[in-house]
Structure formats: C-alpha cells, structure tokens
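Peer 1: Just one file: entry_29.pdb, with PDB, C-alpha atoms.
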```pdb
ATOM      1  CA  MET E   2      82.534  81.817  92.716
ATOM      2  CA  VAL E   3      79.746  83.733  94.480
ATOM      3  CA  ALA E   4      80.896  82.352  97.856
ATOM      4  CA  LYS E   5      84.472  83.568  97.171
ATOM      5  CA  LEU E   6      83.168  87.018  96.236
ATOM      6  CA  ILE E   7      81.102  87.237  99.433
ATOM      7  CA  ILE E   8      84.091  86.158 101.541
ATOM      8  CA  TYR E   9      86.284  88.697  99.751
ATOM      9  CA  LEU E  10      83.820  91.523 100.390
ATOM     10  CA  VAL E  11      83.438  90.539 104.065
ATOM     11  CA  ILE E  12      87.222  90.522 104.519
ATOM     12  CA  LEU E  13      87.648  93.888 102.791
ATOM     13  CA  THR E  14      84.824  95.430 104.806
ATOM     14  CA  GLY E  15      86.374  94.161 108.037
ATOM     15  CA  LEU E  16      89.831  95.432 107.100
ATOM     16  CA  PHE E  17      88.467  98.798 106.079
ATOM     17  CA  THR E  18      86.541  99.280 109.319
ATOM     18  CA  MET E  19      89.559  98.221 111.377
ATOM     19  CA  GLY E  20      91.657 100.755 109.473
ATOM     20  CA  MET E  21      94.216  98.169 108.357
ATOM     21  CA  CYS E  22      93.751  98.899 104.693
ATOM     22  CA  SER E  23      92.834 102.534 104.854
ATOM     23  CA  ASP E  24      95.852 104.734 104.487
ATOM     24  CA  VAL E  25      93.400 107.352 103.251
ATOM     25  CA  ASN E  26      93.266 108.317 106.934
ATOM     26  CA  ASN E  27      97.017 109.077 106.863
ATOM     27  CA  MET E  28      96.905 111.015 103.606
ATOM     28  CA  THR E  29      96.149 114.715 103.630
ATOM     29  CA  ILE E  30      93.182 115.269 101.316
ATOM     30  CA  ARG E  31      93.182 118.441  99.223
ATOM     31  CA  LYS E  32      89.961 120.361  99.601
ATOM     32  CA  ASP E  33      91.012 123.276  97.377
ATOM     33  CA  VAL E  34      90.595 121.415  94.084
ATOM     34  CA  ASP E  35      87.223 120.877  92.462
ATOM     35  CA  MET E  36      87.178 117.207  91.481
ATOM     36  CA  THR E  37      83.751 117.121  89.836
ATOM     37  CA  ILE E  38      85.324 116.422  86.435
ATOM     38  CA  ASP E  39      83.950 113.447  84.517
ATOM     39  CA  TYR E  40      87.216 111.692  83.662
ATOM     40  CA  MET E  41      85.438 108.575  82.381
ATOM     41  CA  ASN E  42      84.196 110.388  79.274
ATOM     42  CA  LYS E  43      87.268 112.413  78.335
ATOM     43  CA  PRO E  44      88.262 112.084  74.668
ATOM     44  CA  ASP E  45      91.540 110.491  73.677
ATOM     45  CA  GLU E  46      92.955 113.923  72.735
ATOM     46  CA  PHE E  47      92.605 115.035  76.379
ATOM     47  CA  TRP E  48      94.706 112.112  77.600
ATOM     48  CA  LYS E  49      97.346 112.556  74.877
ATOM     49  CA  LYS E  50      97.705 116.223  75.852
ATOM     50  CA  HIS E  51      97.882 115.696  79.632
ATOM     51  CA  LEU E  52      99.772 112.428  80.094
ATOM     52  CA  LYS E  53     103.399 111.500  79.600
ATOM     53  CA  PRO E  54     103.723 109.057  76.668
ATOM     54  CA  GLU E  55     104.544 106.087  78.938
ATOM     55  CA  VAL E  56     101.520 106.782  81.188
ATOM     56  CA  TYR E  57      99.287 107.173  78.125
ATOM     57  CA  ASN E  58     100.550 103.845  76.727
ATOM     58  CA  ILE E  59      99.870 101.910  79.954
ATOM     59  CA  CYS E  60      96.701 103.626  81.210
ATOM     60  CA  ARG E  61      94.854 104.478  78.013
ATOM     61  CA  GLN E  62      96.135 101.810  75.596
ATOM     62  CA  LYS E  63      96.348  98.941  78.115
ATOM     63  CA  GLY E  64     100.095  98.516  77.806
ATOM     64  CA  THR E  65     102.300  96.597  80.225
ATOM     65  CA  GLU E  66     105.686  97.689  81.497
ATOM     66  CA  ALA E  67     108.515  95.166  81.408
ATOM     67  CA  PRO E  68     108.842  93.028  84.561
ATOM     68  CA  ARG E  69     111.255  94.389  87.185
ATOM     69  CA  SER E  70     111.439  97.742  85.381
ATOM     70  CA  GLY E  71     108.946  99.692  87.502
ATOM     71  CA  LYS E  72     110.061 102.007  90.299
ATOM     72  CA  TYR E  73     107.511 100.583  92.768
ATOM     73  CA  ASP E  74     108.339  96.873  92.355
ATOM     74  CA  HIS E  75     110.740  96.813  95.335
ATOM     75  CA  PHE E  76     109.550 100.039  96.978
ATOM     76  CA  PHE E  77     108.130  99.663 100.495
ATOM     77  CA  GLU E  78     107.720 103.153 101.974
ATOM     78  CA  LYS E  79     104.595 103.895 104.046
ATOM     79  CA  GLY E  80     101.893 105.759 102.182
ATOM     80  CA  THR E  81      99.211 105.611  99.521
ATOM     81  CA  TYR E  82      99.397 104.708  95.850
ATOM     82  CA  THR E  83      97.177 106.891  93.671
ATOM     83  CA  CYS E  84      96.168 106.880  89.998
ATOM     84  CA  ALA E  85      98.802 108.541  87.797
ATOM     85  CA  CYS E  86      96.335 108.813  84.925
ATOM     86  CA  CYS E  87      93.684 111.105  86.411
ATOM     87  CA  GLY E  88      96.016 113.396  88.301
ATOM     88  CA  GLY E  89      97.688 111.505  91.130
ATOM     89  CA  ASP E  90      95.154 112.207  93.874
ATOM     90  CA  HIS E  91      92.662 109.319  93.559
ATOM     91  CA  PRO E  92      93.697 106.717  96.194
ATOM     92  CA  LEU E  93      93.969 103.144  94.930
ATOM     93  CA  TYR E  94      96.184 101.089  97.266
ATOM     94  CA  SER E  95      97.721 101.319 100.714
ATOM     95  CA  SER E  96     101.318 100.375 101.435
ATOM     96  CA  GLU E  97      99.803  98.220 104.204
ATOM     97  CA  THR E  98      98.493  95.797 101.559
ATOM     98  CA  LYS E  99     101.638  95.773  99.375
ATOM     99  CA  PHE E 100     103.738  92.610  99.216
ATOM    100  CA  ASP E 101     106.639  91.215  97.191
ATOM    101  CA  SER E 102     105.031  88.719  94.823
ATOM    102  CA  GLY E 103     108.288  87.963  93.017
ATOM    103  CA  THR E 104     106.579  88.667  89.681
ATOM    104  CA  GLY E 105     108.414  91.889  88.830
ATOM    105  CA  TRP E 106     105.438  94.197  89.291
ATOM    106  CA  PRO E 107     104.151  95.979  92.419
ATOM    107  CA  SER E 108     101.505  93.771  94.030
ATOM    108  CA  PHE E 109      98.774  94.398  96.585
ATOM    109  CA  TRP E 110      96.334  92.016  98.253
ATOM    110  CA  ALA E 111      93.454  94.534  98.273
ATOM    111  CA  PRO E 112      92.530  98.011  97.000
ATOM    112  CA  ILE E 113      92.354 100.813  99.562
ATOM    113  CA  THR E 114      88.519 100.703  99.390
ATOM    114  CA  PRO E 115      86.224  98.338  97.486
ATOM    115  CA  THR E 116      85.206 101.226  95.199
ATOM    116  CA  SER E 117      88.698 102.540  94.356
ATOM    117  CA  VAL E 118      89.112 100.220  91.385
ATOM    118  CA  ILE E 119      86.864  98.358  88.971
ATOM    119  CA  GLU E 120      87.525  94.767  87.904
ATOM    120  CA  LYS E 121      86.428  93.620  84.464
ATOM    121  CA  GLU E 122      86.952  90.655  82.185
ATOM    122  CA  ASP E 123      89.877  91.058  79.759
ATOM    123  CA  ARG E 124      89.856  88.848  76.674
ATOM    124  CA  GLY E 125      92.578  90.837  74.914
ATOM    125  CA  GLY E 126      96.034  89.669  73.938
ATOM    126  CA  LEU E 127      97.200  86.456  72.326
ATOM    127  CA  THR E 128      95.564  84.075  74.805
ATOM    128  CA  GLY E 129      92.656  86.197  76.071
ATOM    129  CA  TRP E 130      90.059  84.322  74.041
ATOM    130  CA  ALA E 131      90.976  81.053  75.784
ATOM    131  CA  TRP E 132      92.194  82.278  79.177
ATOM    132  CA  PRO E 133      90.541  85.574  80.030
ATOM    133  CA  ARG E 134      92.116  87.633  82.789
ATOM    134  CA  THR E 135      90.582  90.177  85.120
ATOM    135  CA  GLU E 136      91.654  93.712  84.293
ATOM    136  CA  VAL E 137      91.854  96.365  87.025
ATOM    137  CA  VAL E 138      91.000  99.970  86.114
ATOM    138  CA  CYS E 139      90.737 103.204  88.099
ATOM    139  CA  SER E 140      87.156 103.809  89.203
ATOM    140  CA  ARG E 141      87.462 107.551  88.513
ATOM    141  CA  CYS E 142      89.017 107.654  85.035
ATOM    142  CA  GLY E 143      88.864 104.087  83.748
ATOM    143  CA  GLY E 144      92.629 104.033  83.243
ATOM    144  CA  HIS E 145      94.213 100.583  82.951
ATOM    145  CA  LEU E 146      96.252  99.749  86.048
ATOM    146  CA  GLY E 147      97.025  96.048  85.657
ATOM    147  CA  HIS E 148      95.331  92.719  86.419
ATOM    148  CA  VAL E 149      94.185  90.765  89.476
ATOM    149  CA  PHE E 150      94.959  87.082  90.027
ATOM    150  CA  ASP E 151      93.917  84.466  92.590
ATOM    151  CA  ASP E 152      97.461  83.624  93.743
ATOM    152  CA  GLY E 153      97.958  86.277  96.424
ATOM    153  CA  PRO E 154      98.581  85.801 100.153
ATOM    154  CA  LYS E 155      96.057  83.254 101.464
ATOM    155  CA  GLU E 156      96.182  84.787 104.963
ATOM    156  CA  HIS E 157      94.610  87.942 103.516
ATOM    157  CA  THR E 158      92.340  87.923 100.453
ATOM    158  CA  GLY E 159      94.154  85.390  98.277
ATOM    159  CA  LYS E 160      94.265  88.087  95.580
ATOM    160  CA  ARG E 161      97.287  89.592  93.816
ATOM    161  CA  TYR E 162      96.561  92.979  92.294
ATOM    162  CA  CYS E 163      99.495  93.128  89.871
ATOM    163  CA  MET E 164      99.918  96.787  88.894
ATOM    164  CA  ASN E 165     102.094  98.756  86.496
ATOM    165  CA  SER E 166     104.338 101.228  88.353
ATOM    166  CA  VAL E 167     103.793 103.793  85.592
ATOM    167  CA  ALA E 168     100.057 103.795  86.389
ATOM    168  CA  LEU E 169     100.723 104.708  90.033
ATOM    169  CA  THR E 170     101.862 107.764  91.952
ATOM    170  CA  PHE E 171     103.093 107.394  95.530
ATOM    171  CA  VAL E 172     102.026 109.783  98.308
ATOM    172  CA  PRO E 173     103.978 109.366 101.583
ATOM    173  CA  ASP E 174     101.962 109.200 104.822
ATOM    174  CA  GLY E 175     101.071 112.686 106.051
ATOM    175  CA  LYS E 176     101.625 114.344 102.657
ATOM    176  CA  ALA E 177      98.959 115.855 100.435
ATOM    177  CA  PRO E 178      98.588 114.422  96.943
ATOM    178  CA  VAL E 179      99.340 116.826  94.115
ATOM    179  CA  HIS E 180      96.789 116.930  91.332
ATOM    180  CA  LYS E 181      99.049 116.984  88.287
ATOM    181  CA  LEU E 182      96.469 117.687  85.590
ATOM    182  CA  GLU E 183      95.546 121.105  86.943
ATOM    183  CA  GLU E 184      98.750 122.743  85.641
ATOM    184  CA  ASP E 185      97.617 122.468  82.014
ATOM    185  CA  SER E 186      93.882 122.093  82.318
ATOM    186  CA  GLU E 187      91.386 124.903  82.484
ATOM    187  CA  GLU E 188      88.820 122.377  83.678
ATOM    188  CA  VAL E 189      90.508 121.515  86.991
ATOM    189  CA  LYS E 190      90.992 124.665  89.038
ATOM    190  CA  PRO E 191      91.451 125.406  92.745
ATOM    191  CA  LYS E 192      88.179 126.383  94.378
ATOM    192  CA  SER E 193      87.729 130.114  94.961
TER
END
```
As structure tokens, how would this structure be written, given the file I've shared?
Peer 2:
Amino acid sequence: MVAKLIIYLVILTGLFTMGMCSDVNNMTIRKDVDMTIDYMNKPDEFWKKHLKPEVYNICRQKGTEAPRSGKYDHFFEKGTYTCACCGGDHPLYSSETKFDSGTGWPSFWAPITPTSVIEKEDRGGLTGWAWPRTEVVCSRCGGHLGHVFDDGPKEHTGKRYCMNSVALTFVPDGKAPVHKLEEDSEEVKPKS
C-alpha cells in the first residue's frame, strides 16, 4: 500500500511539473476576491442559505446523483473543474485527466494538484462497514465530491476519481472562474 502511494505521488509530481495535469495555468485566476474565508468551519445554516438544494444534498449531506444523470458525464470541453460548493473557483480537476469510465459519472485519473482534494475512509452506507470506500472531498470546504477507486487507466495513475456533476463547476480554458457565493455573502467581498 505504501509503495503504491509513493508511486502515485511520484507520478502526480511528474505530471504537475510537466504541466500535463495543470490546467490552472490556462485558467484566469481572480485576484479581486478575498479568499481568506474558513469554509471548513462554516455552520450548516451557511450552506443551506448559499447552496442550491441539489448541491447541498450532494456536497454537505454526502448524496449521490443518479448514474448518467450528470451534465459532465459525457462532457469533454477543455478547461478546469472547480468546487461548486465553496463558490466555483477552487480548482479540482483538469479536463486533461478526464476520461470516460463507462460508470455514468464524470471520472478523472488525478486531481489538478495533490492538495486540491482530500481522500478519507468512508464507512457509510449499507456496505461501508464491510467494504469501506475512499471518499473525496474539497480541500477548501470539505464538501463531498465523490469517491476514488483503483480501477482507473493503468497507463496513468490507475485511479478513478468518480465525481458527482452537481459538485463541480466547469471553467473553460482562458476564462476566469466566477465566485458564486459572493452575491449573497457579506463575508466574501471584492478587495478594495
């Protein structure tokens, strides 16, 4: 297990330095928004107020959208997938690592950077006590994104990051992400 983790980190580091998995370079980063908000410790009322019900269900209550129902399942435009939960401007995945897994959910073989997401053991659900899965959450807000499995493309990382479309926002190459929480929140304001 440790050997696989080391190999995985070496591959990701190599891809990142070669620029193959870093569409962050193609995305215009907004510098006018102060992103020093601690989204990890926001109360549930904050998320209920600022998220659409379907995003709240997936990202905050660990729901799962029905297979083949998500808008990004068969979507292959060039760009960056960001977290829909904490505003749509935290990069998670590059279109360069997206592949059709045939599972009915958008799948990626690696996050855009090793620190974009957090992986943690998930023993929830009917079979979680016997067959735990690895949950994937946003590293900025802790929002549930999906799960990662070891049946991805062997020529890359061998991982399949199986995500919920509702948890993602797509930013085309060359476009600036739009922070969607700032419209209603007094806490997230453009810098003066």
Peer 1: From the list E:Gly89, E:Gly147, E:Gly71, E:Pro115, which residue is nearest Tyr162 of chain E when using only C-alpha atoms?
Peer 2: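 Of the candidates, the smallest distance to Tyr162 of chain E is held by E:Gly147.
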Peer 1: Could you list the residues chosen by the PyMOL selection byres ((chain E and resi 136) around 7) in this structure as a PyMOL selection string?
Peer 2: chain E and resi 120-123+134-135+137-138+147-149
Peer 1: Hey, what comes out of the PyMOL selection byres ((chain E and resi 145) around 7) on this file? Could you write it as a list in words?
Peer 2: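 That expression, the PyMOL selection byres ((chain E and resi 145) around 7), corresponds here to Ile59, Cys60, Arg61, Lys63, Val137, Val138, Cys139, Gly143, Gly144, Leu146 and Gly147 of chain E.
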Peer 1: Spell out the residues picked by the PyMOL selection byres ((chain E and resi 111-113) around 7) here, as number ranges by chain.
Peer 2: E: 22-23, 92-95, 98, 109-110, 114-115, 117-118, 162
Peer 1: At a cut-off of 7 Å, using all atoms listed in the file, what residues contact Pro173 of chain E? Leave out same-chain residues fewer than 4 positions from it and give the result as a ChimeraX atom specification.
Peer 2: /E:79-81
Peer 1: Between atom CA of Val179 of chain E and atom CA of Asp90 of chain E, what distance in Å does the model show, to one decimal?
Peer 2: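 Distance reported for this atom pair: 6.2 Å.
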Peer 1: When distances are computed from all atoms listed in the file, which of E:Ala168, E:Ile38, E:Ala131, E:Gly153 shows the smallest separation from Gln62 of chain E?
Peer 2: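 Nearest candidate to Gln62 of chain E out of E:Ala168, E:Ile38, E:Ala131, E:Gly153: E:Ala168.
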Peer 1: Which neighbours of Arg69 of chain E fall inside 7 Å, counting all atoms listed in the file, when residues of the same chain fewer than 4 positions from it are skipped, and could you give them as a list in words?
Peer 2: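 Non-adjacent residues within range: Asp74, Gly105 and Trp106 of chain E.
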Peer 1: From the list E:Cys163, E:Cys142, E:Ala85, E:Ala177, which residue is nearest Leu52 of chain E when using only C-alpha atoms?
Peer 2: E:Ala85
Peer 1: Given only C-alpha atoms as the basis, pick out the residue of E:Lys176, E:Phe100, E:Glu46, E:Ser140 nearest to Ile119 of chain E.
Peer 2: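 Among the listed residues, the smallest separation from Ile119 of chain E belongs to E:Ser140.
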Peer 1: Looking at all atoms listed in the file, which of E:Lys99, E:Asn58, E:Trp130, E:Asp174 is the one that sits closest to Pro154 of chain E?
Peer 2: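 Smallest separation from Pro154 of chain E among the options: E:Lys99.
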Peer 1: Between atom CA of Arg141 of chain E and atom CA of Cys84 of chain E, what is the distance in Å, rounded to a tenth?
Peer 2: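 Answer for the atom CA of Arg141 of chain E to atom CA of Cys84 of chain E separation: 8.9 Å.
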Peer 1: What is the atom CA of Ser96 of chain E-atom CA of Glu78 of chain E distance in Å, reported with one decimal?
Peer 2: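 Separating atom CA of Ser96 of chain E from atom CA of Glu78 of chain E is a distance of 7.0 Å.
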Peer 1: Pick from E:Thr83, E:Thr104, E:His75, E:Gly88: nearest to Trp48 of chain E, with all atoms listed in the file counted?
Peer 2: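 Nearest to Trp48 of chain E: E:Gly88.
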Peer 1: Kindly compute an axis-aligned box around the listed atoms of segment 88-107 of chain E, allowing 6 Å on each side, and express its centre and edge lengths in Å to one decimal as JSON.
Peer 2:
```
{"center_x": 100.5, "center_y": 100.7, "center_z": 96.3, "size_x": 27.8, "size_y": 37.4, "size_z": 27.9}
```
